[in-house]
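Quick look at run12.pdb (PDB, C-alpha atoms):
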ATOM      1  CA  ASP O   1     -62.392 153.170  62.130
ATOM      2  CA  VAL O   2     -64.552 150.094  61.784
ATOM      3  CA  ASP O   3     -67.816 149.984  63.683
ATOM      4  CA  ARG O   4     -67.960 146.552  65.326
ATOM      5  CA  GLY O   5     -71.583 146.975  66.386
ATOM      6  CA  GLU O   6     -71.074 147.307  70.123
ATOM      7  CA  ASP O   7     -73.579 150.176  70.242
ATOM      8  CA  LEU O   8     -76.067 148.572  67.866
ATOM      9  CA  GLY O   9     -78.997 146.284  68.591
ATOM     10  CA  LYS O  10     -79.534 142.553  68.289
ATOM     11  CA  MET O  11     -79.139 140.574  65.078
ATOM     12  CA  VAL O  12     -82.256 140.718  62.881
ATOM     13  CA  LEU O  13     -83.197 139.518  59.422
ATOM     14  CA  ALA O  14     -81.579 142.024  57.040
ATOM     15  CA  PRO O  15     -84.398 144.289  55.810
ATOM     16  CA  ASP O  16     -82.849 145.004  52.385
ATOM     17  CA  ILE O  17     -81.827 141.449  51.448
ATOM     18  CA  PRO O  18     -84.668 139.096  50.481
ATOM     19  CA  ILE O  19     -84.841 135.511  51.708
ATOM     20  CA  GLU O  20     -84.251 133.200  48.765
ATOM     21  CA  ILE O  21     -85.187 129.599  48.114
ATOM     22  CA  ARG O  22     -82.648 128.014  45.773
ATOM     23  CA  VAL O  23     -83.248 124.674  44.126
ATOM     24  CA  TYR O  24     -80.224 123.031  42.506
ATOM     25  CA  GLU O  25     -81.478 120.302  40.174
ATOM     26  CA  LYS O  26     -80.009 121.026  36.741
ATOM     27  CA  ALA O  27     -76.663 119.443  35.866
ATOM     28  CA  GLY O  28     -73.890 122.020  36.273
ATOM     29  CA  ALA O  29     -75.777 124.097  38.865
ATOM     30  CA  GLY O  30     -73.379 125.365  41.500
ATOM     31  CA  MET O  31     -71.559 128.544  42.461
ATOM     32  CA  GLU O  32     -68.005 129.614  41.634
ATOM     33  CA  TRP O  33     -65.469 130.841  44.194
ATOM     34  CA  HIS O  34     -66.598 134.116  45.763
ATOM     35  CA  ILE O  35     -66.625 136.216  48.917
ATOM     36  CA  ASP O  36     -70.000 137.585  49.990
ATOM     37  CA  ASP O  37     -70.384 141.344  49.509
ATOM     38  CA  ILE O  38     -70.416 143.489  52.647
ATOM     39  CA  ILE O  39     -73.737 145.305  52.500
ATOM     40  CA  TYR O  40     -73.919 146.562  56.107
ATOM     41  CA  ARG O  41     -71.514 147.964  58.700
ATOM     42  CA  PRO O  42     -70.875 146.020  60.804
ATOM     43  CA  GLU O  43     -70.839 143.129  58.340
ATOM     44  CA  GLN O  44     -73.966 141.035  57.931
ATOM     45  CA  ILE O  45     -74.034 137.304  58.584
ATOM     46  CA  GLU O  46     -75.077 135.103  55.641
ATOM     47  CA  VAL O  47     -76.927 131.881  56.475
ATOM     48  CA  VAL O  48     -77.514 128.974  54.081
ATOM     49  CA  LEU O  49     -80.011 126.471  55.477
ATOM     50  CA  THR O  50     -80.305 123.138  53.674
ATOM     51  CA  VAL O  51     -83.979 122.215  53.756
ATOM     52  CA  MET O  52     -86.154 119.251  52.862
ATOM     53  CA  GLU O  53     -83.671 117.137  50.939
ATOM     54  CA  ASN O  54     -80.139 117.015  49.681
ATOM     55  CA  THR O  55     -79.658 114.072  47.371
ATOM     56  CA  SER O  56     -77.117 116.030  45.326
ATOM     57  CA  ASP O  57     -73.440 115.336  44.889
ATOM     58  CA  CYS O  58     -72.605 119.028  45.488
ATOM     59  CA  TRP O  59     -69.915 119.941  47.993
ATOM     60  CA  THR O  60     -69.693 123.257  49.835
ATOM     61  CA  MET O  61     -66.047 124.265  49.831
ATOM     62  CA  TRP O  62     -64.079 127.057  51.499
ATOM     63  CA  ARG O  63     -60.524 128.347  51.766
ATOM     64  CA  PRO O  64     -59.588 129.223  55.351
ATOM     65  CA  HIS O  65     -57.580 132.447  55.669
ATOM     66  CA  ASP O  66     -54.958 130.820  57.877
ATOM     67  CA  CYS O  67     -54.100 127.912  55.493
ATOM     68  CA  PRO O  68     -53.049 129.354  52.131
ATOM     69  CA  LEU O  69     -50.422 126.901  50.891
ATOM     70  CA  ALA O  70     -51.141 123.197  51.401
ATOM     71  CA  LEU O  71     -53.999 121.225  49.889
ATOM     72  CA  THR O  72     -55.544 118.787  52.342
ATOM     73  CA  THR O  73     -58.860 117.015  52.617
ATOM     74  CA  GLU O  74     -60.588 115.107  55.379
ATOM     75  CA  ASN O  75     -58.602 111.928  54.591
ATOM     76  CA  ASN O  76     -55.410 113.771  53.480
ATOM     77  CA  ASN O  77     -55.847 112.666  49.859
ATOM     78  CA  GLU O  78     -55.837 114.997  46.876
ATOM     79  CA  SER O  79     -59.186 116.697  46.509
ATOM     80  CA  THR O  80     -61.297 115.501  43.607
ATOM     81  CA  HIS O  81     -63.750 118.358  44.146
ATOM     82  CA  ASP O  82     -61.656 121.181  42.666
ATOM     83  CA  LYS O  83     -58.621 120.125  40.658
ATOM     84  CA  ASN O  84     -57.694 123.765  39.882
ATOM     85  CA  ALA O  85     -57.186 124.802  43.506
ATOM     86  CA  LYS O  86     -53.837 123.227  44.416
ATOM     87  CA  LYS O  87     -52.277 126.213  46.214
ATOM     88  CA  TYR O  88     -54.822 126.444  49.024
ATOM     89  CA  ASP O  89     -56.032 124.370  51.900
ATOM     90  CA  ILE O  90     -59.519 123.507  50.670
ATOM     91  CA  ARG O  91     -62.069 122.388  53.226
ATOM     92  CA  SER O  92     -65.296 120.777  52.077
ATOM     93  CA  ALA O  93     -68.527 119.325  53.400
ATOM     94  CA  GLN O  94     -71.763 117.977  52.036
ATOM     95  CA  THR O  95     -74.654 119.688  53.761
ATOM     96  CA  THR O  96     -77.463 117.620  55.226
ATOM     97  CA  PRO O  97     -81.149 118.544  55.650
ATOM     98  CA  ASN O  98     -81.698 121.028  58.498
ATOM     99  CA  SER O  99     -78.020 121.990  58.597
ATOM    100  CA  ALA O 100     -76.866 125.603  58.421
ATOM    101  CA  LEU O 101     -73.748 127.166  56.978
ATOM    102  CA  ILE O 102     -73.017 130.549  58.592
ATOM    103  CA  LEU O 103     -70.557 133.013  57.038
ATOM    104  CA  LYS O 104     -69.555 136.578  57.846
ATOM    105  CA  ALA O 105     -69.835 138.755  54.719
ATOM    106  CA  GLY O 106     -66.427 139.745  53.378
ATOM    107  CA  GLY O 107     -64.909 136.720  55.097
ATOM    108  CA  VAL O 108     -64.012 133.294  53.801
ATOM    109  CA  GLU O 109     -63.915 132.564  50.074
ATOM    110  CA  HIS O 110     -66.307 129.717  49.269
ATOM    111  CA  LYS O 111     -68.131 127.850  46.487
ATOM    112  CA  VAL O 112     -70.577 125.051  45.721
ATOM    113  CA  SER O 113     -69.254 122.395  43.343
ATOM    114  CA  PRO O 114     -71.285 121.768  40.174
ATOM    115  CA  LEU O 115     -74.196 119.356  40.447
ATOM    116  CA  THR O 116     -73.983 116.165  38.408
ATOM    117  CA  SER O 117     -76.822 114.254  40.068
ATOM    118  CA  GLY O 118     -79.600 114.636  42.621
ATOM    119  CA  LYS O 119     -81.273 117.740  44.030
ATOM    120  CA  ARG O 120     -80.367 120.327  46.685
ATOM    121  CA  THR O 121     -82.791 122.842  48.209
ATOM    122  CA  ILE O 122     -81.589 125.741  50.382
ATOM    123  CA  LEU O 123     -82.870 128.903  52.023
ATOM    124  CA  LYS O 124     -80.399 131.797  51.852
ATOM    125  CA  MET O 125     -80.851 134.709  54.206
ATOM    126  CA  ALA O 126     -78.839 137.450  55.850
ATOM    127  CA  PHE O 127     -78.855 138.880  59.357
ATOM    128  CA  ALA O 128     -77.583 142.321  60.352
ATOM    129  CA  ARG O 129     -77.380 144.268  63.575
ATOM    130  CA  GLN O 130     -80.562 146.188  64.240
ATOM    131  CA  GLY O 131     -79.777 149.791  63.262
ATOM    132  CA  ALA O 132     -76.733 148.837  61.140
ATOM    133  CA  ALA O 133     -75.902 151.286  58.363
ATOM    134  CA  MET O 134     -75.729 150.188  54.750
ATOM    135  CA  SER O 135     -72.157 150.315  53.424
ATOM    136  CA  ALA O 136     -71.356 153.088  50.955
ATOM    137  CA  GLY O 137     -72.574 152.251  47.472
ATOM    138  CA  MET O 138     -74.573 149.212  48.572
ATOM    139  CA  GLU O 139     -78.031 150.789  48.195
ATOM    140  CA  ASP O 140     -77.962 150.023  44.462
ATOM    141  CA  HIS O 141     -76.614 146.518  45.106
ATOM    142  CA  ALA O 142     -79.383 145.701  47.614
ATOM    143  CA  SER O 143     -82.147 147.037  45.368
ATOM    144  CA  GLN O 144     -80.661 145.048  42.444
ATOM    145  CA  GLN O 145     -80.860 141.879  44.564
ATOM    146  CA  GLN O 146     -84.521 142.592  45.264
ATOM    147  CA  ARG O 147     -85.298 143.228  41.560
ATOM    148  CA  THR O 148     -83.381 140.123  40.466
ATOM    149  CA  SER O 149     -85.124 137.964  43.074
ATOM    150  CA  ARG O 150     -88.553 139.183  41.930
ATOM    151  CA  LYS O 151     -87.668 138.342  38.297
ATOM    152  CA  ARG O 152     -86.589 134.844  39.333
ATOM    153  CA  LYS O 153     -89.865 133.972  41.057
ATOM    154  CA  ASN O 154     -90.721 132.041  37.904
ATOM    155  CA  GLY O 155     -87.953 129.566  38.764
ATOM    156  CA  LYS O 156     -85.544 130.178  35.867
ATOM    157  CA  SER O 157     -81.940 129.298  36.530
ATOM    158  CA  HIS O 158     -79.284 132.051  36.353
ATOM    159  CA  ASN O 159     -75.500 131.770  35.866
ATOM    160  CA  ASN O 160     -75.449 128.048  36.720
ATOM    161  CA  ARG O 161     -76.837 128.761  40.173
ATOM    162  CA  GLY O 162     -79.873 127.050  41.564
ATOM    163  CA  LYS O 163     -83.334 128.363  40.830
ATOM    164  CA  ARG O 164     -84.148 131.361  42.988
ATOM    165  CA  LEU O 165     -87.626 131.788  44.376
ATOM    166  CA  THR O 166     -88.115 134.672  46.781
ATOM    167  CA  ARG O 167     -90.799 135.133  49.378
ATOM    168  CA  GLN O 168     -91.536 138.823  49.741
ATOM    169  CA  LYS O 169     -92.437 140.523  53.023
TER     170      LYS O 169
END

Once more with this new file: its structure as structure tokens, please.
Amino acid sequence: DVDRGEDLGKMVLAPDIPIEIRVYEKAGAGMEWHIDDIIYRPEQIEVVLTVMENTSDCWTMWRPHDCPLALTTENNNESTHDKNAKKYDIRSAQTTPNSALILKAGGVEHKVSPLTSGKRTILKMAFARQGAAMSAGMEDHASQQQRTSRKRKNGKSHNNRGKRLTRQK
């Protein structure tokens, strides 16, 4: 049985997941293919808001569940964004200032291509149903995110991701 949240409250900022500011400005900064961890039941919604500027050459890419075999792009040419992903339909977009990317945790696999020039600044946050229960085993994961975000307040880059600066409550 999966709780779909019908008996839960409105969507609120997830109390156990800090808001992060990520600045991608170092060559190679990006994020590999991944699916966001499900921290709450029902699943939280992850929001990436591009703020201020995006002069980067990064592309946000995703693999739709319903298109696993053919590689296509907006102009039906071979993708130059990820040469290793030829067995999937890869969709991609460059985010603009004040645009939001909204994903359901546990949903679509996605990535950010490595930066070679420019700068990209985002806010990453999560929303959950008011009263949603934390998924089994996620208490440690959520507290690790909070500890890691506090350590990164000094702006050091980690695992080729953008700098993470977290505003605490």

Residues at most 6 Å from region 105-108 of chain O, counting only C-alpha atoms, excluding those fewer than 6 positions away in the same chain, as a list of chain:residue names? O:Ile35, O:Asp36, O:Asp37, O:Ile38, O:Glu43, O:Gln44, O:Ile45

Name every residue that the PyMOL selection byres ((chain O and resi 27) around 7) selects in this structure, writing the answer as a list of chain:residue names with chains first and numbers rising.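 Going through the file, the PyMOL selection byres ((chain O and resi 27) around 7) ends up selecting O:Glu25, O:Lys26, O:Gly28, O:Ala29, O:Leu115, O:Thr116, O:Ser117.
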
Quick one: residues within 9 Å of (-68.6, 129.3, 41.6) (file frame), counting only C-alpha atoms, please, as a list of chain:residue names.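 Every residue inside that radius is included here: O:Gly30, O:Met31, O:Glu32, O:Trp33, O:His34, O:His110, O:Lys111, O:Val112, O:Ser113, O:Pro114, O:Asn160, O:Arg161.
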
Please indicate the distance in Å from CA of Gln94 (chain O) to CA of Trp62 (chain O), rounded to one decimal place. 11.9 Å

Please expand the PyMOL selection byres ((chain O and resi 41) around 6) into the concrete residues it hits in this file, giving the result as a ChimeraX atom specification. /O:40,42-43,132-133,135

On this file, the PyMOL selection byres ((chain O and resi 124) around 7) gives some set of residues; write that set as a ChimeraX atom specification. /O:19-21,47-49,122-123,125

Pairwise distance for CA of Ser99 (chain O) and CA of Arg22 (chain O), rounded to one decimal in Å: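 Taking CA of Ser99 (chain O) as the start and CA of Arg22 (chain O) as the end point, the length is 14.9 Å.
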
Could you tell me how far CA of Ala93 (chain O) sits from CA of Ile39 (chain O), in Å to one decimal place?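 Going from CA of Ile39 (chain O) over to CA of Ala93 (chain O), I get 26.5 Å.
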